[in-house]
Amino acid sequence: MEFLLESYDYALPQRLIATHPVFPKENAKLLVYTRSTRVILHTTFAHLLDVIPSDSLVVLNDTRVLKARIYAHKLMPNANIYAQNPKRQEIFFHRFLDSSSQDLASTDPKSQNLHEQVGYALCQVRGKVKKGDMFALESNYFAKIESKLEDGYRICTFYRTHQSKPLTYTAIRSIYAMPLMQQEVLAMLESIGNIPLPPYIKREANAAADTQNYQSVFAKHSGAVAAPTASLHFSPAMLKGLHERFNLAYLTLHIGAGTFAPVYVKDIRDHKIHTEILHITSSNIAKILESKRVLCIGTSTLRSVEYLAKMAREDSNFFCKQDLIAKCDMFLHIGNPPTFAQHLLTNFHLPKSTLTMLVASMVGIKEWRRIYDEAIAHQYRFYSYGDGMLIV
């Protein structure tokens, strides 16, 4: 039963899906579960620092969420750029691709020179599109469909013109021999993009509020299209207190939209999890691997730490010499539980999701269900903007 997908399903009242965060952040509810005693404590984030084991190394994911959702109008052949399809279509940037291998590429400046890398991008485009289609964006930016992939994704390139006169569809296609570089694409997203709220938040993103709220206060390296949501609970004051009372380490896992991808297989062991770029500096690697007690802030951090520990077991000398830049595909579940980190701060996750399976791998499937049942009974708010749970 523990490997059956249906075992990770549960019924959640719609009213408990959080569409906005709580303010002040310290007022969010916090469920504390002690594994050794199976005791559940109900408190708030204002008391988080008092219930974290005092000798813990606290590890945080400092990825920064891109404004990955942009809106476009399809250009009509044989017309100027102002004679475009009036219907607005969404282009959702996922990540960069290497031009030669079309493999996962990083947005981290430390891993490659973004000024010299063409911005081939893996995107989702709503509506019917074909290879060669072009779209007009804001601020004289354009997008071109380079190819369609079998899984429904599209490879796109982006362009920009500073010419003010009307340009024909044919001219737009012929003027540009070279698309924007990766750094220029990132600048475009920052300029005209929108914060990609999760699909279960059924409202338009608020440009000002969500840009700030769907980003941790310690976000640093751009590249994620989903937030490490446990991190959203930290206010500047709470982060300051964390620094004063605990040893901290940082890593960067650029969370992809695959974190929301449904699991379709009956046996969860057959699920192929998405891949995300992970970067950990050598100094933070040493902090983590030398620690006796580790608290991970968020599931993305736990997956990263466990990936690191697995790599260290395979080649212990490597981590004394250099940073780790890797493609993390760590799938934690009942059959592959965490073996290095002891504690986790996380939110409440979607039914039948890999994140729910991760939580169950730490506490057992029966205890996971008991915890979630109690959270629902106590009116906890679920998902990205919701309340949290600390496993100690």
# chains A, B, ... in the order shown; residues from 1 in each chain; ligands from 1
call {"tool": "residues_around", "arguments": {"residues": "A:Phe93", "least_positions_apart": "4", "cutoff": "12 Å", "atoms": "only C-alpha atoms", "output": "PyMOL selection string"}}
result
chain A and resi 65-71+97+119-126+143+153-158+185-186+188-190+193-196+223-226+256-257
call {"tool": "write_last_selection", "arguments": {"atoms": "N, CA, C and O atoms", "output": "short mmCIF file (atom, residue, chain, number, x, y, z; two decimals), in the first residue's frame"}}
result
data_model
loop_
_atom_site.label_atom_id
_atom_site.label_comp_id
_atom_site.auth_asym_id
_atom_site.auth_seq_id
_atom_site.Cartn_x
_atom_site.Cartn_y
_atom_site.Cartn_z
N VAL A 65 12.98 33.68 -7.57
CA VAL A 65 11.94 33.36 -8.55
C VAL A 65 11.97 34.37 -9.69
O VAL A 65 11.94 35.58 -9.46
N LEU A 66 12.01 33.85 -10.90
CA LEU A 66 11.95 34.70 -12.08
C LEU A 66 10.52 35.17 -12.34
O LEU A 66 9.56 34.48 -11.98
N LYS A 67 10.39 36.29 -13.00
CA LYS A 67 9.07 36.71 -13.50
C LYS A 67 8.84 35.96 -14.81
O LYS A 67 8.94 36.51 -15.91
N ALA A 68 8.51 34.70 -14.67
CA ALA A 68 8.58 33.76 -15.79
C ALA A 68 7.36 33.75 -16.69
O ALA A 68 7.38 33.15 -17.76
N ARG A 69 6.28 34.41 -16.27
CA ARG A 69 5.05 34.38 -17.07
C ARG A 69 4.92 35.68 -17.86
O ARG A 69 4.86 36.77 -17.29
N ILE A 70 4.93 35.57 -19.19
CA ILE A 70 4.79 36.74 -20.05
C ILE A 70 3.61 36.53 -20.99
O ILE A 70 3.19 35.40 -21.25
N TYR A 71 3.06 37.64 -21.49
CA TYR A 71 1.88 37.58 -22.34
C TYR A 71 2.21 38.15 -23.72
O TYR A 71 2.99 39.09 -23.85
N LEU A 97 18.18 26.25 -22.29
CA LEU A 97 18.68 25.02 -22.85
C LEU A 97 20.04 25.27 -23.50
O LEU A 97 20.26 26.36 -24.06
N GLY A 119 20.01 32.64 -25.67
CA GLY A 119 18.92 32.32 -24.76
C GLY A 119 17.89 31.37 -25.33
O GLY A 119 16.70 31.71 -25.41
N TYR A 120 18.31 30.15 -25.72
CA TYR A 120 17.34 29.13 -26.11
C TYR A 120 16.57 28.73 -24.86
O TYR A 120 17.16 28.31 -23.86
N ALA A 121 15.25 28.85 -24.92
CA ALA A 121 14.45 28.68 -23.70
C ALA A 121 13.40 27.60 -23.87
O ALA A 121 12.73 27.52 -24.91
N LEU A 122 13.27 26.78 -22.85
CA LEU A 122 12.18 25.81 -22.79
C LEU A 122 10.97 26.51 -22.21
O LEU A 122 11.02 27.05 -21.10
N CYS A 123 9.88 26.53 -22.97
CA CYS A 123 8.69 27.28 -22.57
C CYS A 123 7.43 26.45 -22.78
O CYS A 123 7.41 25.51 -23.57
N GLN A 124 6.39 26.84 -22.08
CA GLN A 124 5.04 26.41 -22.39
C GLN A 124 4.33 27.59 -23.05
O GLN A 124 4.46 28.73 -22.57
N VAL A 125 3.60 27.33 -24.11
CA VAL A 125 2.86 28.37 -24.81
C VAL A 125 1.41 27.93 -24.91
O VAL A 125 1.11 26.89 -25.51
N ARG A 126 0.54 28.69 -24.32
CA ARG A 126 -0.88 28.33 -24.36
C ARG A 126 -1.44 28.60 -25.76
O ARG A 126 -1.12 29.60 -26.39
N ALA A 143 8.98 36.96 -29.58
CA ALA A 143 9.33 35.56 -29.32
C ALA A 143 9.11 34.75 -30.58
O ALA A 143 8.17 35.01 -31.34
N TYR A 153 6.14 20.92 -24.63
CA TYR A 153 6.95 22.12 -24.44
C TYR A 153 7.41 22.66 -25.79
O TYR A 153 7.42 21.96 -26.81
N ARG A 154 7.82 23.93 -25.79
CA ARG A 154 8.32 24.59 -26.98
C ARG A 154 9.71 25.15 -26.70
O ARG A 154 9.99 25.59 -25.58
N ILE A 155 10.56 25.15 -27.70
CA ILE A 155 11.84 25.85 -27.60
C ILE A 155 11.66 27.21 -28.26
O ILE A 155 11.27 27.30 -29.43
N CYS A 156 11.93 28.27 -27.50
CA CYS A 156 11.70 29.63 -27.97
C CYS A 156 13.01 30.43 -27.94
O CYS A 156 13.90 30.16 -27.13
N THR A 157 13.07 31.42 -28.81
CA THR A 157 14.11 32.44 -28.74
C THR A 157 13.41 33.79 -28.68
O THR A 157 12.25 33.94 -29.08
N PHE A 158 14.14 34.79 -28.20
CA PHE A 158 13.57 36.12 -28.01
C PHE A 158 14.42 37.16 -28.72
O PHE A 158 15.64 37.02 -28.84
N VAL A 185 17.72 37.89 -21.90
CA VAL A 185 16.41 37.28 -21.66
C VAL A 185 15.99 37.47 -20.21
O VAL A 185 14.84 37.79 -19.91
N LEU A 186 16.94 37.28 -19.29
CA LEU A 186 16.64 37.49 -17.87
C LEU A 186 16.22 38.94 -17.61
O LEU A 186 15.29 39.20 -16.83
N MET A 188 14.80 40.89 -19.79
CA MET A 188 13.47 41.02 -20.38
C MET A 188 12.40 40.51 -19.42
O MET A 188 11.37 41.16 -19.20
N LEU A 189 12.63 39.34 -18.83
CA LEU A 189 11.66 38.79 -17.88
C LEU A 189 11.46 39.72 -16.70
O LEU A 189 10.33 39.94 -16.25
N GLU A 190 12.54 40.27 -16.20
CA GLU A 190 12.44 41.18 -15.06
C GLU A 190 11.65 42.43 -15.44
O GLU A 190 10.92 43.00 -14.62
N GLY A 193 7.90 40.59 -17.37
CA GLY A 193 7.31 39.35 -16.90
C GLY A 193 6.45 39.52 -15.66
O GLY A 193 6.40 40.59 -15.03
N ASN A 194 5.77 38.43 -15.32
CA ASN A 194 4.90 38.39 -14.14
C ASN A 194 5.30 37.21 -13.26
O ASN A 194 5.73 36.17 -13.76
N ILE A 195 5.16 37.38 -11.96
CA ILE A 195 5.48 36.32 -11.02
C ILE A 195 4.58 35.11 -11.31
O ILE A 195 3.36 35.26 -11.42
N PRO A 196 5.14 33.91 -11.43
CA PRO A 196 4.35 32.72 -11.79
C PRO A 196 3.72 32.06 -10.56
O PRO A 196 4.24 31.08 -10.01
N GLY A 223 16.59 32.12 -11.08
CA GLY A 223 16.53 30.91 -11.88
C GLY A 223 15.32 30.03 -11.61
O GLY A 223 15.00 29.15 -12.40
N ALA A 224 14.59 30.23 -10.51
CA ALA A 224 13.45 29.39 -10.18
C ALA A 224 12.18 29.92 -10.84
O ALA A 224 12.04 31.12 -11.09
N VAL A 225 11.24 29.01 -11.10
CA VAL A 225 9.92 29.42 -11.56
C VAL A 225 8.85 29.03 -10.55
O VAL A 225 7.65 29.11 -10.81
N ALA A 226 9.30 28.61 -9.37
CA ALA A 226 8.42 28.37 -8.23
C ALA A 226 9.22 28.67 -6.97
O ALA A 226 10.43 28.44 -6.93
N GLY A 256 11.88 24.12 -10.57
CA GLY A 256 11.18 24.18 -11.85
C GLY A 256 9.70 23.94 -11.68
O GLY A 256 9.22 23.52 -10.62
N ALA A 257 8.97 24.18 -12.77
CA ALA A 257 7.52 23.97 -12.74
C ALA A 257 7.18 22.49 -12.58
O ALA A 257 6.04 22.15 -12.24
#
call {"tool": "closest_atom_pairs", "arguments": {"of": "stretch 230-275 of chain A", "to": "stretch 304-327 of chain A", "cutoff": "12 Å", "atoms": "only C-alpha atoms", "output": "Markdown table"}}
result
| residue | atom | partner | partner_atom | distance |
| --- | --- | --- | --- | --- |
| A:Ala249 | CA | A:Val305 | CA | 10.7 |
| A:Tyr250 | CA | A:Val305 | CA | 10.4 |
| A:Leu251 | CA | A:Ser304 | CA | 8.0 |
| A:Thr252 | CA | A:Ser304 | CA | 8.5 |
| A:Leu253 | CA | A:Ser304 | CA | 7.0 |
| A:His254 | CA | A:Lys327 | CA | 10.0 |
| A:Ile255 | CA | A:Ser304 | CA | 10.8 |
| A:Gly256 | CA | A:Lys327 | CA | 11.8 |
| A:Ile273 | CA | A:Lys327 | CA | 11.6 |
| A:His274 | CA | A:Lys327 | CA | 9.7 |
| A:Thr275 | CA | A:Lys327 | CA | 5.9 |
call {"tool": "select_by_dssp", "arguments": {"residues": "stretch 130-237 of chain A", "states": "helix (DSSP H, G or I)", "output": "PyMOL selection string"}}
result
chain A and resi 169-175+182-192+209-213+229-233+236-237
call {"tool": "write_last_selection", "arguments": {"atoms": "C-alpha atoms", "output": "PDB file, in the first residue's frame"}}
result
ATOM      1  CA  TYR A 169       6.106  39.872 -40.093  1.00  0.00           C
ATOM      2  CA  THR A 170       8.582  38.936 -42.821  1.00  0.00           C
ATOM      3  CA  ALA A 171      10.942  41.755 -41.826  1.00  0.00           C
ATOM      4  CA  ILE A 172      10.886  40.725 -38.177  1.00  0.00           C
ATOM      5  CA  ARG A 173      11.868  37.181 -39.182  1.00  0.00           C
ATOM      6  CA  SER A 174      14.698  38.327 -41.416  1.00  0.00           C
ATOM      7  CA  ILE A 175      16.171  41.243 -39.450  1.00  0.00           C
ATOM      8  CA  GLN A 182      20.637  34.593 -21.739  1.00  0.00           C
ATOM      9  CA  GLN A 183      21.440  37.665 -19.647  1.00  0.00           C
ATOM     10  CA  GLU A 184      19.272  39.765 -21.966  1.00  0.00           C
ATOM     11  CA  VAL A 185      16.414  37.278 -21.661  1.00  0.00           C
ATOM     12  CA  LEU A 186      16.637  37.490 -17.870  1.00  0.00           C
ATOM     13  CA  ALA A 187      16.526  41.294 -18.119  1.00  0.00           C
ATOM     14  CA  MET A 188      13.467  41.018 -20.377  1.00  0.00           C
ATOM     15  CA  LEU A 189      11.661  38.787 -17.884  1.00  0.00           C
ATOM     16  CA  GLU A 190      12.442  41.182 -15.065  1.00  0.00           C
ATOM     17  CA  SER A 191      11.118  44.075 -17.154  1.00  0.00           C
ATOM     18  CA  ILE A 192       7.896  42.687 -18.646  1.00  0.00           C
ATOM     19  CA  ALA A 209       2.219  42.396  -3.797  1.00  0.00           C
ATOM     20  CA  ASP A 210       3.027  38.983  -5.271  1.00  0.00           C
ATOM     21  CA  THR A 211       6.380  40.119  -6.641  1.00  0.00           C
ATOM     22  CA  GLN A 212       7.387  40.734  -3.036  1.00  0.00           C
ATOM     23  CA  ASN A 213       5.380  38.031  -1.256  1.00  0.00           C
ATOM     24  CA  THR A 229       7.625  28.095  -0.032  1.00  0.00           C
ATOM     25  CA  ALA A 230       8.787  27.248   3.494  1.00  0.00           C
ATOM     26  CA  SER A 231      11.198  30.170   3.107  1.00  0.00           C
ATOM     27  CA  LEU A 232       8.333  32.589   2.526  1.00  0.00           C
ATOM     28  CA  HIS A 233       7.504  32.466   6.243  1.00  0.00           C
ATOM     29  CA  PRO A 236      13.637  40.136   8.009  1.00  0.00           C
ATOM     30  CA  ALA A 237      13.387  40.051  11.802  1.00  0.00           C
TER      31      ALA A 237
END
call {"tool": "atom_distance", "arguments": {"atom1": "atom CA of A:Phe331", "atom2": "atom CA of A:Ser384"}}
result
20.0 Å
call {"tool": "closest_residue", "arguments": {"among": "A:Ser56, A:Ser353, A:Asn347, A:Thr301", "to": "A:Met330", "atoms": "only C-alpha atoms"}}
result
A:Thr301
call {"tool": "atom_distance", "arguments": {"atom1": "atom CA of A:Phe348", "atom2": "atom CA of A:Phe92"}}
result
25.1 Å
call {"tool": "residues_around", "arguments": {"residues": "A:Ile201", "least_positions_apart": "3", "cutoff": "8 Å", "atoms": "only C-alpha atoms", "output": "mmCIF file with N, CA and C atoms, in the first residue's frame"}}
result
data_model
loop_
_atom_site.group_PDB
_atom_site.id
_atom_site.type_symbol
_atom_site.label_atom_id
_atom_site.label_comp_id
_atom_site.auth_asym_id
_atom_site.auth_seq_id
_atom_site.Cartn_x
_atom_site.Cartn_y
_atom_site.Cartn_z
ATOM 1 N N ILE A 17 -7.294 26.317 1.003
ATOM 2 C CA ILE A 17 -6.231 26.632 0.058
ATOM 3 C C ILE A 17 -5.920 28.120 0.166
ATOM 4 N N ALA A 18 -4.722 28.441 0.618
ATOM 5 C CA ALA A 18 -4.347 29.841 0.843
ATOM 6 C C ALA A 18 -4.078 30.538 -0.489
ATOM 7 N N THR A 19 -4.709 31.681 -0.688
ATOM 8 C CA THR A 19 -4.469 32.468 -1.904
ATOM 9 C C THR A 19 -3.656 33.729 -1.614
ATOM 10 N N LEU A 197 2.603 32.594 -10.126
ATOM 11 C CA LEU A 197 1.910 31.966 -9.007
ATOM 12 C C LEU A 197 1.545 30.529 -9.356
ATOM 13 N N PRO A 198 1.509 29.626 -8.382
ATOM 14 C CA PRO A 198 1.175 28.230 -8.651
ATOM 15 C C PRO A 198 -0.217 28.093 -9.269
#
call {"tool": "closest_residue", "arguments": {"among": "A:Leu278, A:Ala205, A:Val22, A:Leu49", "to": "A:His243", "atoms": "only C-alpha atoms"}}
result
A:Leu49
call {"tool": "residues_around", "arguments": {"residues": "A:Asp270", "least_positions_apart": "3", "cutoff": "12 Å", "atoms": "only C-alpha atoms", "output": "MDAnalysis selection string"}}
result
chainID A and resid 3:5 263:267 273 331 333 335
call {"tool": "atom_distance", "arguments": {"atom1": "atom CA of A:Phe135", "atom2": "atom CA of A:Met76"}}
result
8.9 Å
call {"tool": "closest_atom_pairs", "arguments": {"of": "stretch 128-167 of chain A", "to": "stretch 72-75 of chain A", "cutoff": "8 Å", "atoms": "only C-alpha atoms", "output": "JSON lines"}}
result
{"residue": "A:Asp133", "atom": "CA", "partner": "A:Lys74", "partner_atom": "CA", "distance": 7.4}
{"residue": "A:Met134", "atom": "CA", "partner": "A:Leu75", "partner_atom": "CA", "distance": 5.7}
{"residue": "A:Phe135", "atom": "CA", "partner": "A:Lys74", "partner_atom": "CA", "distance": 4.3}
{"residue": "A:Ala136", "atom": "CA", "partner": "A:His73", "partner_atom": "CA", "distance": 5.2}
{"residue": "A:Leu137", "atom": "CA", "partner": "A:Ala72", "partner_atom": "CA", "distance": 4.7}
{"residue": "A:Glu138", "atom": "CA", "partner": "A:Ala72", "partner_atom": "CA", "distance": 7.6}
call {"tool": "write_last_selection", "arguments": {"atoms": "all heavy atoms", "output": "PDB file, in the first residue's frame"}}
result
ATOM      1  N   ASP A 133       6.279  30.285 -35.728  1.00  0.00           N
ATOM      2  CA  ASP A 133       5.351  31.329 -35.269  1.00  0.00           C
ATOM      3  C   ASP A 133       6.105  32.379 -34.469  1.00  0.00           C
ATOM      4  O   ASP A 133       7.036  32.065 -33.719  1.00  0.00           O
ATOM      5  CB  ASP A 133       4.248  30.727 -34.395  1.00  0.00           C
ATOM      6  CG  ASP A 133       3.156  30.055 -35.224  1.00  0.00           C
ATOM      7  OD1 ASP A 133       3.169  30.233 -36.461  1.00  0.00           O
ATOM      8  OD2 ASP A 133       2.321  29.355 -34.636  1.00  0.00           O
ATOM      9  N   MET A 134       5.664  33.636 -34.610  1.00  0.00           N
ATOM     10  CA  MET A 134       6.271  34.731 -33.864  1.00  0.00           C
ATOM     11  C   MET A 134       5.209  35.487 -33.084  1.00  0.00           C
ATOM     12  O   MET A 134       4.051  35.575 -33.500  1.00  0.00           O
ATOM     13  CB  MET A 134       7.036  35.674 -34.789  1.00  0.00           C
ATOM     14  CG  MET A 134       8.223  35.007 -35.474  1.00  0.00           C
ATOM     15  SD  MET A 134       9.442  36.180 -36.093  1.00  0.00           S
ATOM     16  CE  MET A 134      10.115  36.835 -34.569  1.00  0.00           C
ATOM     17  N   PHE A 135       5.630  36.014 -31.951  1.00  0.00           N
ATOM     18  CA  PHE A 135       4.720  36.693 -31.044  1.00  0.00           C
ATOM     19  C   PHE A 135       5.274  38.057 -30.669  1.00  0.00           C
ATOM     20  O   PHE A 135       6.484  38.209 -30.465  1.00  0.00           O
ATOM     21  CB  PHE A 135       4.514  35.866 -29.770  1.00  0.00           C
ATOM     22  CG  PHE A 135       3.830  34.560 -29.995  1.00  0.00           C
ATOM     23  CD1 PHE A 135       4.542  33.440 -30.417  1.00  0.00           C
ATOM     24  CD2 PHE A 135       2.470  34.439 -29.802  1.00  0.00           C
ATOM     25  CE1 PHE A 135       3.918  32.230 -30.626  1.00  0.00           C
ATOM     26  CE2 PHE A 135       1.825  33.230 -30.009  1.00  0.00           C
ATOM     27  CZ  PHE A 135       2.550  32.122 -30.429  1.00  0.00           C
ATOM     28  N   ALA A 136       4.392  39.036 -30.584  1.00  0.00           N
ATOM     29  CA  ALA A 136       4.776  40.359 -30.114  1.00  0.00           C
ATOM     30  C   ALA A 136       4.548  40.423 -28.608  1.00  0.00           C
ATOM     31  O   ALA A 136       3.465  40.102 -28.111  1.00  0.00           O
ATOM     32  CB  ALA A 136       3.955  41.428 -30.814  1.00  0.00           C
ATOM     33  N   LEU A 137       5.574  40.844 -27.875  1.00  0.00           N
ATOM     34  CA  LEU A 137       5.483  41.023 -26.436  1.00  0.00           C
ATOM     35  C   LEU A 137       5.450  42.521 -26.141  1.00  0.00           C
ATOM     36  O   LEU A 137       5.300  43.340 -27.040  1.00  0.00           O
ATOM     37  CB  LEU A 137       6.680  40.354 -25.750  1.00  0.00           C
ATOM     38  CG  LEU A 137       7.040  38.946 -26.218  1.00  0.00           C
ATOM     39  CD1 LEU A 137       8.289  38.451 -25.514  1.00  0.00           C
ATOM     40  CD2 LEU A 137       5.887  37.996 -25.994  1.00  0.00           C
ATOM     41  N   GLU A 138       5.599  42.875 -24.905  1.00  0.00           N
ATOM     42  CA  GLU A 138       5.687  44.287 -24.543  1.00  0.00           C
ATOM     43  C   GLU A 138       7.066  44.850 -24.872  1.00  0.00           C
ATOM     44  O   GLU A 138       8.031  44.099 -25.053  1.00  0.00           O
ATOM     45  CB  GLU A 138       5.413  44.466 -23.045  1.00  0.00           C
ATOM     46  CG  GLU A 138       4.009  44.076 -22.592  1.00  0.00           C
ATOM     47  CD  GLU A 138       3.856  44.241 -21.098  1.00  0.00           C
ATOM     48  OE1 GLU A 138       4.480  45.171 -20.533  1.00  0.00           O
ATOM     49  OE2 GLU A 138       3.135  43.433 -20.480  1.00  0.00           O
TER      50      GLU A 138
END
call {"tool": "closest_residue", "arguments": {"among": "A:Thr281, A:Ser54, A:Tyr383, A:Gln14", "to": "A:Leu350", "atoms": "only C-alpha atoms"}}
result
A:Tyr383
call {"tool": "residues_around", "arguments": {"residues": "A:Val58", "least_positions_apart": "3", "cutoff": "7 Å", "atoms": "only C-alpha atoms", "output": "ChimeraX atom specification"}}
result
/A:246-249,294-296
call {"tool": "residues_around", "arguments": {"residues": "A:Leu30", "least_positions_apart": "4", "cutoff": "6 Å", "atoms": "only C-alpha atoms", "output": "ChimeraX atom specification"}}
result
/A:43-45,388-389
call {"tool": "write_last_selection", "arguments": {"atoms": "C-alpha atoms", "output": "mmCIF file, in the first residue's frame"}}
result
data_model
loop_
_atom_site.group_PDB
_atom_site.id
_atom_site.type_symbol
_atom_site.label_atom_id
_atom_site.label_comp_id
_atom_site.auth_asym_id
_atom_site.auth_seq_id
_atom_site.Cartn_x
_atom_site.Cartn_y
_atom_site.Cartn_z
ATOM 1 C CA THR A 43 1.930 26.984 17.746
ATOM 2 C CA THR A 44 2.835 29.887 15.421
ATOM 3 C CA PHE A 45 5.924 30.950 13.508
ATOM 4 C CA GLY A 388 3.792 25.313 7.971
ATOM 5 C CA MET A 389 4.994 22.164 9.669
#
call {"tool": "residues_around", "arguments": {"residues": "A:Ile334", "least_positions_apart": "5", "cutoff": "8 Å", "atoms": "only C-alpha atoms", "output": "NGL selection string"}}
result
:A and (2-3 or 357-358 or 360-362 or 364-365)
call {"tool": "closest_residue", "arguments": {"among": "A:Cys328, A:Val59, A:Met1, A:Met178", "to": "A:Leu344", "atoms": "only C-alpha atoms"}}
result
A:Val59
call {"tool": "decode", "arguments": {"residues": "stretch 37-82 of chain A", "atoms": "C-alpha atoms", "output": "CSV table (one decimal), in the first residue's frame"}}
result
chain,number,residue,atom,x,y,z
A,37,THR,CA,7.5,10.7,20.5
A,38,ARG,CA,4.9,11.2,17.7
A,39,VAL,CA,3.6,14.2,19.6
A,40,ILE,CA,2.0,17.1,17.7
A,41,LEU,CA,2.3,20.6,19.0
A,42,HIS,CA,0.3,23.6,17.6
A,43,THR,CA,1.9,27.0,17.7
A,44,THR,CA,2.8,29.9,15.4
A,45,PHE,CA,5.9,31.0,13.5
A,46,ALA,CA,6.6,33.6,16.2
A,47,HIS,CA,7.9,30.6,18.3
A,48,LEU,CA,9.8,28.8,15.5
A,49,LEU,CA,13.3,29.6,16.8
A,50,ASP,CA,12.4,28.2,20.2
A,51,VAL,CA,11.4,24.8,18.9
A,52,ILE,CA,14.3,24.3,16.5
A,53,PRO,CA,16.9,22.0,18.1
A,54,SER,CA,19.7,24.3,19.4
A,55,ASP,CA,22.6,22.4,17.8
A,56,SER,CA,21.1,22.4,14.3
A,57,LEU,CA,22.8,23.6,11.2
A,58,VAL,CA,20.0,25.4,9.3
A,59,VAL,CA,20.2,25.1,5.5
A,60,LEU,CA,18.3,27.5,3.2
A,61,ASN,CA,17.7,27.6,-0.5
A,62,ASP,CA,18.5,31.1,-1.8
A,63,THR,CA,17.1,30.7,-5.3
A,64,ARG,CA,15.2,33.7,-6.7
A,65,VAL,CA,11.9,33.4,-8.5
A,66,LEU,CA,12.0,34.7,-12.1
A,67,LYS,CA,9.1,36.7,-13.5
A,68,ALA,CA,8.6,33.8,-15.8
A,69,ARG,CA,5.1,34.4,-17.1
A,70,ILE,CA,4.8,36.7,-20.0
A,71,TYR,CA,1.9,37.6,-22.3
A,72,ALA,CA,2.0,37.8,-26.1
A,73,HIS,CA,0.0,38.4,-29.3
A,74,LYS,CA,0.6,36.1,-32.2
A,75,LEU,CA,1.9,38.0,-35.3
A,76,MET,CA,-0.1,37.6,-38.5
A,77,PRO,CA,1.8,36.8,-41.7
A,78,ASN,CA,1.9,39.6,-44.3
A,79,ALA,CA,0.8,42.3,-41.9
A,80,ASN,CA,2.7,44.9,-39.9
A,81,ILE,CA,3.4,44.2,-36.2
A,82,TYR,CA,0.4,46.1,-35.1
